[in-house]
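**Q** What follows is the file protein_25.cif, containing mmCIF, C-alpha atoms and all ligand atoms:
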```cif
data_upload
loop_
_atom_site.label_atom_id
_atom_site.label_comp_id
_atom_site.auth_asym_id
_atom_site.auth_seq_id
_atom_site.Cartn_x
_atom_site.Cartn_y
_atom_site.Cartn_z
CA MET A 222 -15.09 19.00 14.64
CA ALA A 223 -12.78 16.42 16.20
CA ARG A 224 -9.59 15.84 14.29
CA ASN A 225 -8.94 12.55 12.59
CA LYS A 226 -6.66 10.12 14.35
CA VAL A 227 -4.40 7.79 12.42
CA THR A 228 -2.30 5.10 14.09
CA VAL A 229 0.80 3.95 12.26
CA ILE A 230 2.15 0.64 13.54
CA GLY A 231 5.85 0.15 12.91
CA ALA A 232 8.15 3.14 13.40
CA GLY A 233 10.69 1.98 10.84
CA ASN A 234 11.37 3.56 7.47
CA VAL A 235 7.90 3.26 6.00
CA GLY A 236 6.04 3.89 9.27
CA ALA A 237 8.01 6.98 10.30
CA THR A 238 7.86 8.60 6.86
CA THR A 239 4.14 7.81 6.68
CA ALA A 240 3.64 9.50 10.05
CA GLN A 241 5.63 12.48 8.78
CA ARG A 242 3.62 12.80 5.57
CA ILE A 243 0.26 12.50 7.35
CA ALA A 244 1.14 15.04 10.04
CA GLU A 245 2.87 17.51 7.74
CA ALA A 246 -0.09 17.48 5.34
CA SER A 247 -2.37 18.07 8.38
CA LEU A 248 -4.39 14.98 7.44
CA ALA A 249 -4.73 13.79 11.05
CA ASP A 250 -3.16 13.48 14.48
CA VAL A 251 -0.78 10.54 14.42
CA VAL A 252 0.07 7.83 16.94
CA LEU A 253 3.26 5.99 16.02
CA VAL A 254 3.65 2.54 17.60
CA ASP A 255 6.54 0.11 17.64
CA ILE A 256 7.61 -2.87 19.70
CA VAL A 257 11.07 -1.36 20.25
CA GLU A 258 11.10 0.83 23.36
CA GLY A 259 12.09 4.43 22.73
CA LEU A 260 12.04 4.21 18.94
CA PRO A 261 8.50 5.53 18.34
CA GLN A 262 8.86 7.98 21.24
CA GLY A 263 12.11 9.38 19.80
CA LYS A 264 10.86 9.61 16.24
CA GLY A 265 7.51 11.00 17.39
CA LEU A 266 9.21 13.71 19.42
CA ASP A 267 11.54 14.59 16.57
CA LEU A 268 8.62 14.81 14.14
CA ALA A 269 6.62 16.96 16.57
CA GLU A 270 9.54 19.36 16.93
CA ALA A 271 9.54 19.92 13.15
CA ALA A 272 5.99 21.30 13.30
CA PRO A 273 6.93 24.98 13.92
CA MET A 274 8.96 25.06 10.68
CA ILE A 275 6.39 23.15 8.66
CA GLY A 276 3.56 25.08 10.26
CA HIS A 277 1.16 22.30 11.13
CA ASP A 278 -0.68 21.57 14.38
CA ALA A 279 -1.14 17.83 14.06
CA ARG A 280 -0.30 16.02 17.28
CA ILE A 281 2.23 13.21 17.01
CA LEU A 282 2.65 10.67 19.78
CA GLY A 283 5.18 7.84 19.83
CA THR A 284 4.32 4.89 22.06
CA ASN A 285 4.63 1.17 22.78
CA ASP A 286 1.16 1.10 24.34
CA TYR A 287 -1.94 0.34 22.26
CA ALA A 288 -4.12 2.14 24.80
CA ASP A 289 -2.79 5.36 23.22
CA THR A 290 -4.19 4.28 19.84
CA ALA A 291 -7.79 4.02 21.09
CA GLY A 292 -10.43 5.54 18.84
CA SER A 293 -8.28 5.72 15.71
CA ASP A 294 -10.10 6.33 12.43
CA ILE A 295 -7.41 4.61 10.40
CA VAL A 296 -4.72 2.12 11.39
CA VAL A 297 -1.77 1.70 9.03
CA VAL A 298 0.14 -1.57 9.53
CA THR A 299 3.80 -1.34 8.51
CA SER A 300 5.30 -3.48 11.26
CA GLY A 301 7.40 -6.36 10.10
CA LEU A 302 10.67 -7.15 8.50
CA ALA A 303 11.78 -5.40 5.33
CA ARG A 304 13.28 -7.24 2.37
CA GLN A 305 17.02 -7.61 2.29
CA PRO A 306 19.00 -8.04 -0.95
CA GLY A 307 18.43 -11.50 -2.39
CA MET A 308 15.36 -12.01 -0.20
CA SER A 309 12.02 -12.34 -1.98
CA ARG A 310 8.86 -10.76 -0.64
CA ASP A 311 7.58 -14.26 -0.09
CA ASP A 312 10.47 -15.18 2.23
CA LEU A 313 8.98 -12.79 4.70
CA LEU A 314 5.74 -14.73 4.94
CA ALA A 315 5.78 -16.62 8.23
CA LYS A 316 7.63 -14.03 10.26
CA ASN A 317 5.45 -11.15 9.18
CA ALA A 318 2.19 -13.13 9.46
CA GLY A 319 2.81 -13.53 13.20
CA ILE A 320 3.61 -9.84 13.60
CA VAL A 321 0.57 -8.69 11.61
CA ARG A 322 -1.76 -11.02 13.53
CA SER A 323 -0.57 -9.70 16.87
CA VAL A 324 -0.63 -5.98 16.02
CA VAL A 325 -4.02 -6.15 14.29
CA GLU A 326 -5.58 -7.92 17.27
CA GLN A 327 -4.34 -5.20 19.64
CA ALA A 328 -5.18 -2.31 17.32
CA VAL A 329 -8.73 -3.44 16.52
CA ARG A 330 -9.44 -4.12 20.20
CA HIS A 331 -8.76 -0.43 20.89
CA SER A 332 -10.22 0.98 17.63
CA PRO A 333 -13.11 -1.26 16.55
CA HIS A 334 -14.36 1.29 14.02
CA ALA A 335 -11.03 1.87 12.28
CA ILE A 336 -10.21 1.31 8.63
CA LEU A 337 -7.06 -0.82 8.28
CA ILE A 338 -4.47 -0.08 5.62
CA VAL A 339 -2.01 -2.96 5.41
CA VAL A 340 1.50 -2.32 4.08
CA THR A 341 3.57 -5.20 5.47
CA ASN A 342 4.85 -7.73 2.90
CA PRO A 343 4.07 -10.04 1.29
CA LEU A 344 1.26 -7.58 0.88
CA ASP A 345 -1.72 -9.53 -0.42
CA ALA A 346 -1.14 -12.43 1.96
CA MET A 347 -0.72 -10.03 4.92
CA CYS A 348 -4.05 -8.41 4.00
CA GLN A 349 -5.63 -11.83 4.28
CA VAL A 350 -4.02 -12.35 7.71
CA ALA A 351 -5.26 -8.93 8.87
CA PHE A 352 -8.76 -9.58 7.47
CA ALA A 353 -8.99 -12.96 9.24
CA GLU A 354 -7.72 -11.54 12.52
CA ALA A 355 -9.68 -8.26 12.50
CA LYS A 356 -13.02 -9.79 11.51
CA LEU A 357 -13.99 -6.44 10.00
CA PRO A 358 -16.07 -6.05 6.83
CA ARG A 359 -14.00 -5.99 3.64
CA GLU A 360 -14.70 -2.27 3.23
CA ARG A 361 -12.39 -1.65 6.19
CA VAL A 362 -9.37 -3.82 5.33
CA ILE A 363 -7.40 -2.44 2.37
CA GLY A 364 -3.85 -3.09 1.18
CA MET A 365 -1.36 -0.56 -0.17
CA ALA A 366 0.69 -1.69 -3.15
CA GLY A 367 -1.09 -0.75 -6.36
CA VAL A 368 -0.68 2.98 -5.76
CA LEU A 369 3.07 2.44 -5.38
CA ASP A 370 3.45 0.07 -8.32
CA SER A 371 1.36 2.37 -10.50
CA ALA A 372 3.42 5.37 -9.40
CA ARG A 373 6.57 3.56 -10.48
CA PHE A 374 4.96 2.72 -13.83
CA ARG A 375 3.80 6.34 -14.28
CA THR A 376 7.23 7.68 -13.36
CA PHE A 377 9.05 5.50 -15.90
CA LEU A 378 6.51 6.37 -18.61
CA ALA A 379 6.81 10.10 -17.89
CA TRP A 380 10.61 9.86 -18.09
CA GLU A 381 10.38 7.97 -21.36
CA LEU A 382 8.12 10.55 -22.97
CA GLY A 383 9.46 13.68 -21.28
CA VAL A 384 6.00 14.60 -20.00
CA SER A 385 4.62 15.50 -16.59
CA VAL A 386 3.92 12.57 -14.29
CA ARG A 387 0.59 14.28 -13.60
CA ASP A 388 -0.55 13.55 -17.12
CA VAL A 389 0.26 9.84 -17.00
CA THR A 390 -2.58 7.64 -15.82
CA GLY A 391 -2.08 3.95 -15.43
CA PHE A 392 -3.03 1.01 -13.30
CA VAL A 393 -0.92 -1.80 -11.97
CA LEU A 394 -3.25 -4.52 -10.75
CA GLY A 395 -2.87 -8.00 -9.31
CA GLY A 396 -0.67 -9.11 -6.44
CA HIS A 397 2.29 -7.09 -5.21
CA GLY A 398 4.81 -9.59 -6.55
CA ASP A 399 6.68 -10.57 -9.64
CA GLN A 400 3.38 -11.40 -11.37
CA MET A 401 1.84 -7.93 -10.93
CA VAL A 402 -0.08 -6.68 -13.97
CA PRO A 403 0.62 -3.22 -15.40
CA VAL A 404 -2.56 -2.73 -17.43
CA THR A 405 -1.40 -1.05 -20.62
CA SER A 406 -4.87 -1.04 -22.16
CA TYR A 407 -5.96 1.45 -19.47
CA THR A 408 -2.74 3.50 -19.49
CA ASN A 409 -2.72 6.87 -21.20
CA VAL A 410 -1.08 10.28 -21.34
CA ALA A 411 -3.70 13.02 -21.09
CA GLY A 412 -6.16 10.58 -22.61
CA ILE A 413 -3.84 9.40 -25.44
CA PRO A 414 -3.44 5.60 -25.31
CA ILE A 415 0.09 4.65 -24.28
CA THR A 416 0.30 2.23 -27.19
CA ASP A 417 0.04 5.24 -29.58
CA LEU A 418 3.09 6.79 -27.94
CA ILE A 419 5.50 3.96 -27.12
CA GLY A 420 6.34 0.91 -29.25
CA GLU A 421 5.51 -2.58 -28.07
CA GLU A 422 9.07 -3.65 -27.26
CA ARG A 423 9.99 -0.53 -25.31
CA LEU A 424 6.69 -0.67 -23.43
CA ALA A 425 7.43 -4.27 -22.46
CA GLU A 426 10.77 -3.13 -21.02
CA ILE A 427 9.07 -0.42 -18.97
CA VAL A 428 6.48 -2.92 -17.75
CA GLN A 429 9.29 -5.23 -16.63
CA ARG A 430 11.13 -2.40 -14.85
CA THR A 431 7.87 -1.66 -13.01
CA ARG A 432 7.55 -5.29 -11.93
CA ASP A 433 11.14 -5.14 -10.66
CA GLY A 434 10.65 -1.69 -9.11
CA GLY A 435 10.88 -2.77 -5.48
CA ALA A 436 13.90 -5.01 -6.09
CA GLU A 437 15.68 -2.21 -8.02
CA VAL A 438 15.56 0.02 -4.93
CA VAL A 439 16.56 -2.82 -2.58
CA LYS A 440 19.57 -3.57 -4.75
CA LEU A 441 20.72 0.04 -4.63
CA LEU A 442 20.12 0.55 -0.91
CA LYS A 443 21.79 -2.77 -0.05
CA SER A 444 20.01 -2.78 3.27
CA GLY A 445 16.27 -2.19 3.64
CA SER A 446 13.72 -1.33 0.99
CA ALA A 447 11.89 1.65 -0.47
CA TYR A 448 10.02 4.02 1.81
CA TYR A 449 9.63 7.49 0.28
CA ALA A 450 7.28 6.37 -2.49
CA PRO A 451 5.56 3.77 -0.27
CA SER A 452 4.78 6.37 2.41
CA ALA A 453 3.53 8.82 -0.23
CA SER A 454 1.25 6.04 -1.48
CA VAL A 455 -0.21 5.42 1.97
CA ALA A 456 -0.71 9.16 2.50
CA GLU A 457 -2.65 9.40 -0.78
CA MET A 458 -4.99 6.64 0.42
CA VAL A 459 -5.38 8.25 3.86
CA ASP A 460 -6.14 11.60 2.22
CA SER A 461 -8.89 10.06 0.09
CA ILE A 462 -10.47 8.43 3.15
CA VAL A 463 -10.25 11.31 5.65
CA HIS A 464 -11.47 13.84 3.08
CA ASP A 465 -13.99 11.45 1.51
CA GLN A 466 -12.44 12.26 -1.86
CA LYS A 467 -13.69 9.12 -3.61
CA ARG A 468 -10.37 8.75 -5.44
CA VAL A 469 -10.12 5.75 -7.74
CA LEU A 470 -6.87 4.11 -6.69
CA PRO A 471 -5.49 0.64 -7.22
CA CYS A 472 -5.56 -1.08 -3.82
CA ALA A 473 -5.59 -4.63 -2.56
CA ALA A 474 -9.18 -5.58 -1.76
CA TYR A 475 -10.91 -8.78 -0.75
CA LEU A 476 -12.51 -10.10 -3.91
CA THR A 477 -15.88 -11.79 -3.96
CA GLY A 478 -16.19 -12.61 -7.65
CA GLU A 479 -14.81 -9.38 -9.16
CA PHE A 480 -12.49 -10.03 -12.11
CA GLY A 481 -13.57 -13.68 -11.81
CA LEU A 482 -11.65 -14.05 -8.54
CA ASN A 483 -12.99 -15.09 -5.18
CA GLY A 484 -11.78 -15.23 -1.60
CA ILE A 485 -8.39 -13.52 -1.98
CA PHE A 486 -6.90 -10.05 -1.75
CA MET A 487 -5.57 -8.59 -5.00
CA GLY A 488 -4.89 -5.18 -6.44
CA VAL A 489 -7.96 -3.81 -8.23
CA PRO A 490 -9.27 -0.29 -8.96
CA CYS A 491 -11.02 0.90 -5.79
CA ARG A 492 -13.07 3.95 -4.92
CA LEU A 493 -11.83 5.12 -1.51
CA GLY A 494 -13.93 7.40 0.66
CA ALA A 495 -15.06 7.90 4.22
CA GLY A 496 -16.38 4.33 4.28
CA GLY A 497 -13.04 2.90 3.20
CA LEU A 498 -13.42 0.67 0.15
CA GLU A 499 -16.65 1.98 -1.34
CA GLU A 500 -16.58 0.25 -4.71
CA ILE A 501 -14.44 -2.02 -6.84
CA ILE A 502 -14.49 -0.58 -10.35
CA LYS A 503 -14.83 -3.11 -13.13
CA LEU A 504 -12.61 -3.00 -16.22
CA ASN A 505 -12.77 -4.73 -19.57
CA LEU A 506 -9.38 -6.39 -19.57
CA THR A 507 -7.89 -7.97 -22.67
CA ASP A 508 -7.70 -11.77 -22.63
CA ASP A 509 -3.97 -11.53 -22.06
CA GLU A 510 -4.37 -9.13 -19.11
CA GLN A 511 -7.03 -11.36 -17.54
CA ALA A 512 -4.72 -14.37 -17.97
CA GLN A 513 -1.91 -12.42 -16.27
CA LEU A 514 -4.27 -11.47 -13.44
CA ASN A 515 -5.24 -15.13 -13.02
CA ARG A 516 -1.55 -16.10 -12.81
CA SER A 517 -0.95 -13.39 -10.23
CA ALA A 518 -3.93 -14.70 -8.24
CA GLU A 519 -2.41 -18.19 -8.29
CA ALA A 520 0.80 -16.80 -6.77
CA VAL A 521 -1.19 -15.10 -4.00
CA ARG A 522 -3.27 -18.24 -3.38
CA GLU A 523 -0.11 -20.27 -2.99
CA LEU A 524 1.12 -18.02 -0.16
CA VAL A 525 -2.26 -17.94 1.50
CA GLY A 526 -2.35 -21.73 1.26
CA ILE A 527 1.03 -22.02 2.97
CA MET A 528 -0.38 -20.04 5.89
CA GLY A 529 -3.40 -22.34 6.06
CA LEU A 530 -5.88 -19.50 5.72
P1 LIG B 601 11.67 -1.34 8.90
O1 LIG B 601 12.46 -2.53 9.29
O2 LIG B 601 12.34 -0.05 8.69
O3 LIG B 601 10.51 -1.10 9.98
C1 LIG B 601 9.71 -2.11 10.49
C2 LIG B 601 9.38 -1.77 11.92
O4 LIG B 601 8.42 -2.71 12.41
C3 LIG B 601 10.59 -1.80 12.86
O5 LIG B 601 10.76 -0.56 13.50
C4 LIG B 601 10.24 -2.89 13.85
O6 LIG B 601 10.73 -2.66 15.16
C5 LIG B 601 8.72 -2.86 13.79
N1 LIG B 601 8.10 -4.06 14.35
C6 LIG B 601 8.48 -5.35 14.20
N2 LIG B 601 7.66 -6.15 14.90
C7 LIG B 601 6.75 -5.36 15.48
C8 LIG B 601 5.63 -5.60 16.32
N3 LIG B 601 5.28 -6.84 16.69
N4 LIG B 601 4.90 -4.53 16.73
C9 LIG B 601 5.22 -3.28 16.37
N5 LIG B 601 6.28 -2.99 15.58
C10 LIG B 601 7.02 -4.03 15.14
O7 LIG B 601 10.87 -1.77 7.58
P2 LIG B 601 10.15 -0.80 6.53
O8 LIG B 601 11.08 -0.43 5.47
O9 LIG B 601 9.44 0.27 7.29
O10 LIG B 601 9.07 -1.80 5.90
C11 LIG B 601 8.01 -2.27 6.69
C12 LIG B 601 7.19 -3.34 5.95
O11 LIG B 601 6.54 -2.76 4.83
C13 LIG B 601 8.03 -4.50 5.38
O12 LIG B 601 7.29 -5.70 5.51
C14 LIG B 601 8.18 -4.12 3.92
O13 LIG B 601 8.46 -5.22 3.10
C15 LIG B 601 6.82 -3.54 3.66
N6 LIG B 601 6.71 -2.67 2.50
C16 LIG B 601 5.60 -2.83 1.71
C17 LIG B 601 5.38 -2.02 0.63
C18 LIG B 601 4.15 -2.20 -0.18
O14 LIG B 601 4.07 -1.72 -1.31
N7 LIG B 601 3.12 -2.84 0.33
C19 LIG B 601 6.34 -0.98 0.24
C20 LIG B 601 7.46 -0.86 1.16
C21 LIG B 601 7.62 -1.69 2.25
C1 LIG B 602 8.51 -2.36 -2.66
O1 LIG B 602 7.86 -2.65 -3.66
C2 LIG B 602 9.51 -3.59 -0.77
O2 LIG B 602 7.37 -4.12 -1.54
C3 LIG B 602 8.28 -3.12 -1.39
O3 LIG B 602 9.35 -1.45 -2.66
#
```
With the file now loaded, output its structure as structure tokens.
**A**
Amino acid sequence: MARNKVTVIGAGNVGATTAQRIAEASLADVVLVDIVEGLPQGKGLDLAEAAPMIGHDARILGTNDYADTAGSDIVVVTSGLARQPGMSRDDLLAKNAGIVRSVVEQAVRHSPHAILIVVTNPLDAMCQVAFAEAKLPRERVIGMAGVLDSARFRTFLAWELGVSVRDVTGFVLGGHGDQMVPVTSYTNVAGIPITDLIGEERLAEIVQRTRDGGAEVVKLLKSGSAYYAPSASVAEMVDSIVHDQKRVLPCAAYLTGEFGLNGIFMGVPCRLGAGGLEEIIKLNLTDDEQAQLNRSAEAVRELVGIMGL
């Protein structure tokens, strides 16, 4: 059986660590692409030379040439500018829209059957740019943010309760911005509702820390933004697709009426398998959660409107 091939565009912090995670977990051969000459080649070579210690046989190629990406099963788009301290995700809009448009056009031309996973910020708006440019069905254009935001939420809850992160289930839905919606009504520890375990006020603080999760890391790093948890999030999505695991993960998907929203990308619970986005799972949100989701959608629509999409 031919091995899977995953192209990662952008050999910066998120792209390179994503390539590392995919190769070292033997999920696929990886092609790492960047616009900067030598950068993907150098990182690709370095990653390949780690294989004897890790004990994997995935091939890793660094390149500036999209011809090398031909026939990819998945294309992960991380190219763009990262947030700097004091810079909002939304400030990145125009610059990153141009980058995403150009890399998606080139990638899809060489891999027309690929599933796109968009990472570049502002995430939901960049998904819309990629979707418009790629002209692929919505099943094959998916954004990564919810897995990361939910992982932050789960981490903080596990710390609070002194329990294993593995036992904390929770969804963060909506756009990947300040209005994201940690859905407490569907958050539990080994099936026990989170509201039975943590008081309302403390839970609200943890929800707020989750919303600020990206900015908290940016503030500490002073230059650049998070990449270990983001790359782990992408790898989890890639794993579910290449192994047809049918994981239910919060991802940005193009909505056609789900959750009462239409024509935009937003984070919703998705079943990911070999076909990419195989199903959007419906939830019974509380009125307050639905109102929060609507507000988050407004924020996404505003950005999409600015881009004239
Ligand atoms: P980085 O600055 O380390 O890497 C970005 C790379 O993109 C650079 O190597 C740059 O040369 C490359 N690049 C720029 N223009 C390009 C082009 N036209 N073609 C190919 N490569 C190009 O940034 P980092 O930390 O890797 O973040 C990448 C993006 O991912 C940012 O937009 C960041 O905000 C976003 N991000 C999104 C997350 C999410 O949850 N969706 C989480 C973390 C980061
Ligand atoms: C994050 O949430 C920067 O969006 C990125 O870490």
**Q** Which residues are near ligand LIG 601 (chain B) in this structure, taking near to mean any atom at most 9 Å from a ligand atom and counting all atoms listed in the file? Format them as a ChimeraX atom specification.
**A** /A:230-238,254-258,260-261,285,298-305,310,313,317,319-324,339-345,364-370,397,435,445-452,454-455
**Q** So what do you get for atom CA of A:Val252 versus atom CA of A:Leu282, distance-wise?
**A** 4.8 Å
**Q** So how many Å separate atom CA of A:Cys472 and atom CA of A:Gly488, to one decimal?
**A** 4.9 Å
**Q** Could you give me, as a PyMOL selection string, the residues within 7 Å of A:Val469, counting all atoms listed in the file and dropping anything in the same chain fewer than 2 positions from it?
**A** chain A and resi 467+471+490-493
**Q** As AutoDock Vina command-line options, please: the centre and edge lengths in Å, to one decimal, of an axis-aligned box enclosing every listed atom of ligand LIG 602 (chain B) with 6 Å added on each side.
**A**
```
--center_x 8.4 --center_y -2.8 --center_z -2.2 --size_x 14.1 --size_y 14.7 --size_z 14.9
```
**Q** Determine the nearest neighbour of A:Ala244 from the options A:Gly484, A:Gly276, A:Pro403, A:Gly526, counting only C-alpha atoms.
**A** A:Gly276
**Q** Here is a test: counting only C-alpha atoms, which residue of A:Ala279, A:Leu424, A:Ile462, A:Val521 is nearest to A:Gly494?
**A** A:Ile462
**Q** Hey, which of A:Ala436, A:Val402, A:Val350, A:Ile363 ends up closest to ligand LIG 602 (chain B)? Count all atoms listed in the file.
**A**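 Once distances to ligand LIG 602 (chain B) are computed over all atoms listed in the file, the minimum belongs to A:Ala436.
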